[in-house]
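See below for protein25.txt, which holds compact mmCIF, N, CA and C atoms.
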```txt
# COMPACT_ATOMS: atom_id res chain seq x y z
N MET A 1 0.83 -1.19 0.00
CA MET A 1 0.00 0.00 0.00
C MET A 1 0.87 1.26 0.00
N THR A 2 1.96 1.24 0.78
CA THR A 2 2.85 2.38 0.86
C THR A 2 3.53 2.64 -0.48
N GLU A 3 3.89 1.55 -1.17
CA GLU A 3 4.56 1.70 -2.47
C GLU A 3 3.62 2.34 -3.48
N ILE A 4 2.36 1.98 -3.46
CA ILE A 4 1.39 2.55 -4.39
C ILE A 4 1.21 4.04 -4.11
N PHE A 5 1.12 4.40 -2.83
CA PHE A 5 0.99 5.81 -2.46
C PHE A 5 2.21 6.60 -2.91
N PHE A 6 3.40 6.01 -2.75
CA PHE A 6 4.64 6.68 -3.17
C PHE A 6 4.66 6.90 -4.68
N VAL A 7 4.26 5.90 -5.45
CA VAL A 7 4.25 6.02 -6.90
C VAL A 7 3.26 7.09 -7.35
N LEU A 8 2.08 7.11 -6.73
CA LEU A 8 1.09 8.12 -7.09
C LEU A 8 1.59 9.53 -6.75
N THR A 9 2.31 9.68 -5.64
CA THR A 9 2.87 10.98 -5.26
C THR A 9 3.92 11.43 -6.26
N VAL A 10 4.76 10.52 -6.70
CA VAL A 10 5.79 10.86 -7.69
C VAL A 10 5.15 11.25 -9.00
N ILE A 11 4.12 10.54 -9.41
CA ILE A 11 3.43 10.88 -10.67
C ILE A 11 2.79 12.26 -10.56
N TYR A 12 2.15 12.56 -9.41
CA TYR A 12 1.53 13.87 -9.22
C TYR A 12 2.58 14.99 -9.24
N ALA A 13 3.72 14.77 -8.59
CA ALA A 13 4.79 15.77 -8.59
C ALA A 13 5.31 16.00 -10.00
N ALA A 14 5.46 14.94 -10.78
CA ALA A 14 5.91 15.08 -12.16
C ALA A 14 4.90 15.86 -12.98
N TYR A 15 3.61 15.61 -12.76
CA TYR A 15 2.57 16.33 -13.48
C TYR A 15 2.61 17.83 -13.14
N VAL A 16 2.80 18.16 -11.87
CA VAL A 16 2.85 19.56 -11.46
C VAL A 16 4.04 20.26 -12.10
N ILE A 17 5.19 19.61 -12.08
CA ILE A 17 6.39 20.20 -12.68
C ILE A 17 6.18 20.38 -14.18
N TYR A 18 5.60 19.38 -14.85
CA TYR A 18 5.35 19.48 -16.28
C TYR A 18 4.41 20.65 -16.60
N SER A 19 3.34 20.81 -15.82
CA SER A 19 2.39 21.87 -16.12
C SER A 19 2.99 23.26 -15.86
N VAL A 20 3.87 23.38 -14.87
CA VAL A 20 4.51 24.67 -14.60
C VAL A 20 5.47 25.02 -15.73
N VAL A 21 6.24 24.04 -16.19
CA VAL A 21 7.20 24.29 -17.27
C VAL A 21 6.47 24.57 -18.58
N LYS A 22 5.38 23.90 -18.82
CA LYS A 22 4.62 24.07 -20.06
C LYS A 22 3.98 25.45 -20.13
N ASP A 23 3.51 25.99 -18.98
CA ASP A 23 2.82 27.28 -18.96
C ASP A 23 3.74 28.48 -19.02
N GLN A 24 5.03 28.27 -18.84
CA GLN A 24 5.95 29.41 -18.90
C GLN A 24 6.03 29.93 -20.32
N LYS A 25 5.94 31.25 -20.44
CA LYS A 25 6.00 31.88 -21.75
C LYS A 25 7.45 32.23 -22.05
N PRO A 26 7.87 32.08 -23.31
CA PRO A 26 9.24 32.44 -23.63
C PRO A 26 9.44 33.95 -23.54
N ALA A 27 10.68 34.36 -23.31
CA ALA A 27 10.98 35.78 -23.20
C ALA A 27 10.69 36.46 -24.53
N LYS A 28 10.28 37.72 -24.49
CA LYS A 28 9.95 38.45 -25.70
C LYS A 28 11.21 38.67 -26.53
N VAL A 29 11.05 38.46 -27.81
CA VAL A 29 12.15 38.68 -28.74
C VAL A 29 11.97 40.06 -29.35
N ILE A 30 13.04 40.81 -29.45
CA ILE A 30 12.97 42.14 -30.04
C ILE A 30 12.68 41.97 -31.53
N ASP A 31 11.63 42.62 -31.97
CA ASP A 31 11.25 42.48 -33.38
C ASP A 31 12.09 43.38 -34.28
N ASP A 32 11.90 43.22 -35.55
CA ASP A 32 12.70 43.95 -36.53
C ASP A 32 12.33 45.43 -36.60
N SER A 33 11.23 45.86 -36.00
CA SER A 33 10.82 47.25 -36.10
C SER A 33 11.58 48.14 -35.11
N ALA A 34 12.43 47.55 -34.27
CA ALA A 34 13.17 48.34 -33.30
C ALA A 34 14.09 49.36 -33.96
N PRO A 35 14.85 49.02 -35.01
CA PRO A 35 15.67 50.05 -35.64
C PRO A 35 14.83 51.19 -36.25
N ALA A 36 13.64 50.86 -36.72
CA ALA A 36 12.78 51.89 -37.29
C ALA A 36 12.32 52.85 -36.20
N MET A 37 12.01 52.35 -35.02
CA MET A 37 11.58 53.20 -33.92
C MET A 37 12.74 54.07 -33.45
N MET A 38 13.95 53.55 -33.50
CA MET A 38 15.09 54.34 -33.07
C MET A 38 15.31 55.53 -33.99
N SER A 39 15.07 55.35 -35.29
CA SER A 39 15.25 56.46 -36.20
C SER A 39 14.19 57.54 -35.99
N VAL A 40 13.00 57.15 -35.58
CA VAL A 40 11.94 58.12 -35.34
C VAL A 40 12.24 58.91 -34.07
N THR A 41 12.74 58.26 -33.04
CA THR A 41 12.98 58.95 -31.78
C THR A 41 14.26 59.77 -31.80
N GLN A 42 15.12 59.59 -32.77
CA GLN A 42 16.36 60.37 -32.82
C GLN A 42 16.09 61.83 -33.17
N GLY A 43 15.03 62.12 -33.88
CA GLY A 43 14.74 63.49 -34.28
C GLY A 43 14.08 64.31 -33.17
N ILE A 44 13.66 63.68 -32.09
CA ILE A 44 12.97 64.38 -31.00
C ILE A 44 14.01 64.86 -29.99
N LYS A 45 13.90 66.15 -29.62
CA LYS A 45 14.82 66.70 -28.64
C LYS A 45 14.20 66.56 -27.25
N PRO A 46 14.98 66.21 -26.27
CA PRO A 46 14.42 66.12 -24.92
C PRO A 46 14.14 67.51 -24.37
N LEU A 47 13.18 67.60 -23.49
CA LEU A 47 12.81 68.87 -22.89
C LEU A 47 13.78 69.19 -21.75
N ILE A 48 14.70 70.08 -22.02
CA ILE A 48 15.67 70.51 -21.01
C ILE A 48 15.49 72.01 -20.86
N PRO A 49 15.28 72.50 -19.67
CA PRO A 49 15.12 73.95 -19.51
C PRO A 49 16.41 74.66 -19.89
N GLU A 50 16.25 75.85 -20.52
CA GLU A 50 17.42 76.57 -20.98
C GLU A 50 18.22 77.15 -19.84
N LYS A 51 17.56 77.69 -18.82
CA LYS A 51 18.33 78.16 -17.69
C LYS A 51 18.09 77.25 -16.50
N PRO A 52 19.13 76.99 -15.81
CA PRO A 52 18.99 76.06 -14.69
C PRO A 52 18.08 76.64 -13.61
N MET A 53 17.35 75.77 -12.99
CA MET A 53 16.43 76.21 -11.94
C MET A 53 17.24 76.59 -10.70
N ALA A 54 16.73 77.54 -9.96
CA ALA A 54 17.41 78.00 -8.76
C ALA A 54 17.39 76.89 -7.71
N GLN A 55 18.54 76.62 -7.16
CA GLN A 55 18.65 75.60 -6.12
C GLN A 55 18.16 76.18 -4.80
N PRO A 56 17.39 75.43 -4.05
CA PRO A 56 16.95 75.96 -2.75
C PRO A 56 18.15 76.12 -1.81
N ILE A 57 18.11 77.17 -1.07
CA ILE A 57 19.21 77.45 -0.14
C ILE A 57 18.99 76.63 1.11
N GLU A 58 20.00 75.86 1.46
CA GLU A 58 19.91 75.03 2.65
C GLU A 58 20.37 75.83 3.86
N LYS A 59 19.58 75.77 4.90
CA LYS A 59 19.95 76.46 6.12
C LYS A 59 20.96 75.61 6.87
N PRO A 60 21.95 76.25 7.46
CA PRO A 60 22.93 75.46 8.20
C PRO A 60 22.30 74.85 9.44
N VAL A 61 22.69 73.64 9.69
CA VAL A 61 22.16 72.93 10.84
C VAL A 61 22.97 73.32 12.06
N MET A 62 22.28 73.78 13.10
CA MET A 62 22.96 74.19 14.31
C MET A 62 23.12 72.97 15.20
N LYS A 63 24.32 72.77 15.67
CA LYS A 63 24.58 71.64 16.55
C LYS A 63 24.25 72.04 17.98
N THR A 64 23.57 71.15 18.64
CA THR A 64 23.24 71.41 20.03
C THR A 64 24.22 70.69 20.92
N THR A 65 24.52 71.30 22.02
CA THR A 65 25.46 70.68 22.94
C THR A 65 24.77 69.84 23.99
N LYS A 66 23.46 69.98 24.10
CA LYS A 66 22.73 69.19 25.06
C LYS A 66 22.54 67.77 24.53
N MET A 67 22.72 66.83 25.39
CA MET A 67 22.46 65.44 25.03
C MET A 67 20.98 65.17 25.28
N ALA A 68 20.43 64.25 24.55
CA ALA A 68 19.03 63.89 24.75
C ALA A 68 18.89 63.21 26.10
N THR A 69 18.01 63.71 26.91
CA THR A 69 17.83 63.13 28.23
C THR A 69 16.82 62.01 28.15
N LYS A 70 17.13 60.93 28.82
CA LYS A 70 16.23 59.80 28.85
C LYS A 70 15.23 60.01 29.97
N THR A 71 13.99 59.69 29.70
CA THR A 71 12.99 59.77 30.74
C THR A 71 12.79 58.37 31.29
N GLY A 72 12.55 58.30 32.54
CA GLY A 72 12.32 57.01 33.17
C GLY A 72 12.77 57.05 34.61
N LEU A 73 12.92 55.87 35.17
CA LEU A 73 13.39 55.74 36.54
C LEU A 73 14.86 55.37 36.55
N LYS A 74 15.61 56.00 37.44
CA LYS A 74 17.04 55.74 37.53
C LYS A 74 17.32 54.97 38.82
N ASN A 75 18.09 53.90 38.67
CA ASN A 75 18.50 53.14 39.83
C ASN A 75 19.62 53.93 40.52
N PRO A 76 19.42 54.41 41.76
CA PRO A 76 20.44 55.24 42.40
C PRO A 76 21.73 54.47 42.70
N GLU A 77 21.66 53.16 42.81
CA GLU A 77 22.85 52.38 43.13
C GLU A 77 23.73 52.14 41.92
N THR A 78 23.13 51.79 40.78
CA THR A 78 23.91 51.45 39.59
C THR A 78 23.86 52.52 38.51
N GLY A 79 22.89 53.42 38.56
CA GLY A 79 22.76 54.44 37.54
C GLY A 79 21.99 53.97 36.32
N GLU A 80 21.46 52.75 36.36
CA GLU A 80 20.70 52.21 35.24
C GLU A 80 19.38 52.96 35.11
N ILE A 81 18.98 53.24 33.87
CA ILE A 81 17.73 53.95 33.62
C ILE A 81 16.74 52.97 32.98
N ALA A 82 15.60 52.80 33.61
CA ALA A 82 14.54 51.93 33.09
C ALA A 82 13.48 52.81 32.45
N THR A 83 13.25 52.62 31.16
CA THR A 83 12.27 53.44 30.45
C THR A 83 10.93 52.75 30.32
N SER A 84 10.89 51.44 30.49
CA SER A 84 9.65 50.70 30.32
C SER A 84 9.30 50.02 31.64
N TYR A 85 8.31 50.57 32.31
CA TYR A 85 7.91 49.99 33.60
C TYR A 85 6.41 50.14 33.82
N THR A 86 5.65 50.24 32.76
CA THR A 86 4.21 50.44 32.90
C THR A 86 3.50 49.15 33.30
N ASN A 87 4.01 48.00 32.91
CA ASN A 87 3.40 46.73 33.26
C ASN A 87 4.20 46.12 34.40
N TYR A 88 3.54 45.90 35.52
CA TYR A 88 4.23 45.42 36.72
C TYR A 88 4.83 44.04 36.52
N ARG A 89 4.22 43.22 35.69
CA ARG A 89 4.75 41.87 35.46
C ARG A 89 6.14 41.91 34.81
N PHE A 90 6.39 42.91 33.99
CA PHE A 90 7.66 42.99 33.28
C PHE A 90 8.58 44.07 33.83
N THR A 91 8.22 44.65 34.95
CA THR A 91 9.04 45.68 35.57
C THR A 91 10.30 45.06 36.15
N LYS A 92 11.39 45.79 36.10
CA LYS A 92 12.66 45.28 36.61
C LYS A 92 12.57 45.07 38.12
N ARG A 93 13.37 44.16 38.59
CA ARG A 93 13.31 43.77 39.99
C ARG A 93 13.68 44.93 40.93
N TRP A 94 14.65 45.76 40.53
CA TRP A 94 15.07 46.83 41.42
C TRP A 94 13.97 47.88 41.61
N ILE A 95 13.08 48.03 40.61
CA ILE A 95 11.96 48.96 40.77
C ILE A 95 10.96 48.40 41.77
N LYS A 96 10.68 47.10 41.69
CA LYS A 96 9.78 46.47 42.64
C LYS A 96 10.34 46.59 44.06
N ASP A 97 11.66 46.35 44.20
CA ASP A 97 12.29 46.46 45.52
C ASP A 97 12.27 47.90 46.02
N ALA A 98 12.44 48.87 45.12
CA ALA A 98 12.42 50.28 45.51
C ALA A 98 11.03 50.69 45.98
N LEU A 99 9.99 50.16 45.37
CA LEU A 99 8.63 50.48 45.80
C LEU A 99 8.39 50.00 47.23
N VAL A 100 8.92 48.83 47.56
CA VAL A 100 8.77 48.30 48.92
C VAL A 100 9.67 49.07 49.88
N ALA A 101 10.91 49.38 49.46
CA ALA A 101 11.86 50.07 50.34
C ALA A 101 11.37 51.49 50.67
N GLU A 102 10.71 52.14 49.73
CA GLU A 102 10.22 53.49 49.97
C GLU A 102 8.90 53.49 50.74
N GLY A 103 8.34 52.32 50.98
CA GLY A 103 7.10 52.24 51.73
C GLY A 103 5.86 52.50 50.90
N LEU A 104 5.98 52.47 49.58
CA LEU A 104 4.82 52.72 48.72
C LEU A 104 3.97 51.47 48.53
N LEU A 105 4.60 50.31 48.65
CA LEU A 105 3.88 49.03 48.60
C LEU A 105 4.26 48.23 49.83
N GLU A 106 3.39 47.30 50.22
CA GLU A 106 3.69 46.50 51.40
C GLU A 106 4.59 45.32 51.10
N LYS A 107 4.56 44.80 49.85
CA LYS A 107 5.43 43.69 49.48
C LYS A 107 5.57 43.65 47.96
N VAL A 108 6.51 42.82 47.49
CA VAL A 108 6.65 42.59 46.06
C VAL A 108 5.65 41.51 45.69
N TYR A 109 4.73 41.85 44.81
CA TYR A 109 3.66 40.93 44.44
C TYR A 109 4.13 39.97 43.37
N LYS A 110 3.63 38.73 43.45
CA LYS A 110 3.86 37.73 42.41
C LYS A 110 2.81 37.95 41.32
N ASN A 111 3.05 37.38 40.15
CA ASN A 111 2.13 37.59 39.02
C ASN A 111 0.74 37.02 39.30
N ASN A 112 0.66 35.93 40.04
CA ASN A 112 -0.66 35.34 40.30
C ASN A 112 -1.41 36.09 41.40
N GLU A 113 -0.76 37.02 42.10
CA GLU A 113 -1.41 37.80 43.15
C GLU A 113 -2.00 39.11 42.63
N LEU A 114 -1.75 39.44 41.38
CA LEU A 114 -2.21 40.73 40.85
C LEU A 114 -3.70 40.71 40.56
N THR A 115 -4.39 41.67 41.13
CA THR A 115 -5.82 41.89 40.87
C THR A 115 -5.97 43.33 40.40
N PRO A 116 -7.12 43.69 39.87
CA PRO A 116 -7.30 45.08 39.41
C PRO A 116 -7.08 46.12 40.52
N ASP A 117 -7.49 45.80 41.74
CA ASP A 117 -7.28 46.75 42.84
C ASP A 117 -5.80 46.92 43.16
N ILE A 118 -5.07 45.82 43.17
CA ILE A 118 -3.64 45.88 43.47
C ILE A 118 -2.90 46.60 42.35
N GLU A 119 -3.32 46.37 41.10
CA GLU A 119 -2.67 47.05 39.98
C GLU A 119 -2.87 48.56 40.05
N LEU A 120 -4.04 49.02 40.50
CA LEU A 120 -4.25 50.46 40.68
C LEU A 120 -3.33 51.01 41.76
N THR A 121 -3.17 50.25 42.83
CA THR A 121 -2.26 50.66 43.91
C THR A 121 -0.82 50.73 43.39
N ILE A 122 -0.44 49.77 42.58
CA ILE A 122 0.92 49.73 42.02
C ILE A 122 1.14 50.92 41.10
N LYS A 123 0.16 51.23 40.25
CA LYS A 123 0.32 52.37 39.33
C LYS A 123 0.47 53.69 40.08
N SER A 124 -0.29 53.86 41.14
CA SER A 124 -0.16 55.10 41.92
C SER A 124 1.18 55.12 42.65
N ALA A 125 1.66 53.97 43.11
CA ALA A 125 2.95 53.91 43.78
C ALA A 125 4.09 54.22 42.81
N ILE A 126 3.98 53.74 41.58
CA ILE A 126 5.02 54.02 40.57
C ILE A 126 5.02 55.50 40.23
N SER A 127 3.85 56.12 40.14
CA SER A 127 3.82 57.56 39.85
C SER A 127 4.42 58.36 41.00
N GLN A 128 4.24 57.91 42.24
CA GLN A 128 4.87 58.58 43.37
C GLN A 128 6.38 58.38 43.36
N LEU A 129 6.81 57.19 42.91
CA LEU A 129 8.25 56.92 42.84
C LEU A 129 8.91 57.78 41.75
N GLU A 130 8.19 58.03 40.67
CA GLU A 130 8.71 58.89 39.60
C GLU A 130 8.96 60.31 40.10
N ASN A 131 8.16 60.77 41.04
CA ASN A 131 8.28 62.14 41.54
C ASN A 131 9.39 62.32 42.57
N ARG A 132 9.93 61.23 43.05
CA ARG A 132 11.02 61.33 44.03
C ARG A 132 12.32 61.69 43.30
N ALA A 133 13.04 62.64 43.84
CA ALA A 133 14.26 63.15 43.19
C ALA A 133 15.33 62.08 43.07
N ARG A 134 15.37 61.18 44.01
CA ARG A 134 16.39 60.13 44.01
C ARG A 134 16.29 59.21 42.79
N TYR A 135 15.08 58.99 42.31
CA TYR A 135 14.85 58.04 41.21
C TYR A 135 14.62 58.73 39.87
N GLN A 136 14.70 60.03 39.80
CA GLN A 136 14.49 60.72 38.52
C GLN A 136 15.72 60.60 37.65
N ALA A 137 15.45 60.34 36.36
CA ALA A 137 16.56 60.19 35.41
C ALA A 137 17.04 61.53 34.90
```

I'd like the structure from this file rewritten - as structure tokens, please.
Amino acid sequence: MTEIFFVLTVIYAAYVIYSVVKDQKPAKVIDDSAPAMMSVTQGIKPLIPEKPMAQPIEKPVMKTTKMATKTGLKNPETGEIATSYTNYRFTKRWIKDALVAEGLLEKVYKNNELTPDIELTIKSAISQLENRARYQA
């Protein structure tokens, strides 16, 4: 039974390959009228303006000495700046520990302990942590 299925599969694959090759159209051959068209187009002048168009004046770019400041929370111990901390599940560990150390949360919550009420408490605690000078980036 397996041999029959294999033979039928090979025959079907050969049929598909044959039909794909058969349907391909040959590349277009340049016909003999091409030299005639070239002689007609040689008498036409391209449209080129006689006087060059005025180039727009580019204003010089002023370099600023200020570096782009990153917004986010800064770890006071290592100086690391965390820019993405809106979702408590993916927040860095040091931010969770800082929330507890500052007294804004009572403990570091596990992912299965998060409820809508706790998440509101966490969001308000993070906003309070952002306002503390020690953690501002």

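Of note, atom CA of A:Ile81 and atom CA of A:Ala137 are spaced 6.6 Å apart.
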
Return as lines of an AutoDock Vina configuration file the centre and edge lengths, in Å with one decimal, of the box along x, y and z that encloses every atom of stretch 82-96 of chain A in the file, padded by 4 Å per side.
```
center_x = 9.5
center_y = 47.7
center_z = 37.2
size_x = 20.2
size_y = 19.6
size_z = 21.7
```

Straight-line distance linking atom CA of A:Trp94 with atom CA of A:Asn75, stated in Å to one decimal: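 Between atom CA of A:Trp94 and atom CA of A:Asn75 the gap works out to 7.4 Å.
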
Within 7 Å of A:Ser84, counting all atoms listed in the file, which residues show up once you throw out same-chain ones fewer than 5 positions away? Write them as number ranges by chain, please. A: 72-73, 90-92

Rank nothing, just name the residue among A:Phe6, A:Leu105, A:Asn111, A:Lys74 nearest to A:Ala125, using all atoms listed in the file.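 Using all atoms listed in the file, the shortest distance to A:Ala125 belongs to A:Leu105.
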
Nearby residues (all atoms listed in the file) at most 8 Å from A:Lys123, same-chain spacing under 5 positions excluded, as a PyMOL selection string: chain A and resi 86+88+117-118+128-129

Do you have the atom CA of A:Pro76-atom N of A:Leu120 distance handy?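 Going from atom CA of A:Pro76 over to atom N of A:Leu120, I get 25.3 Å.
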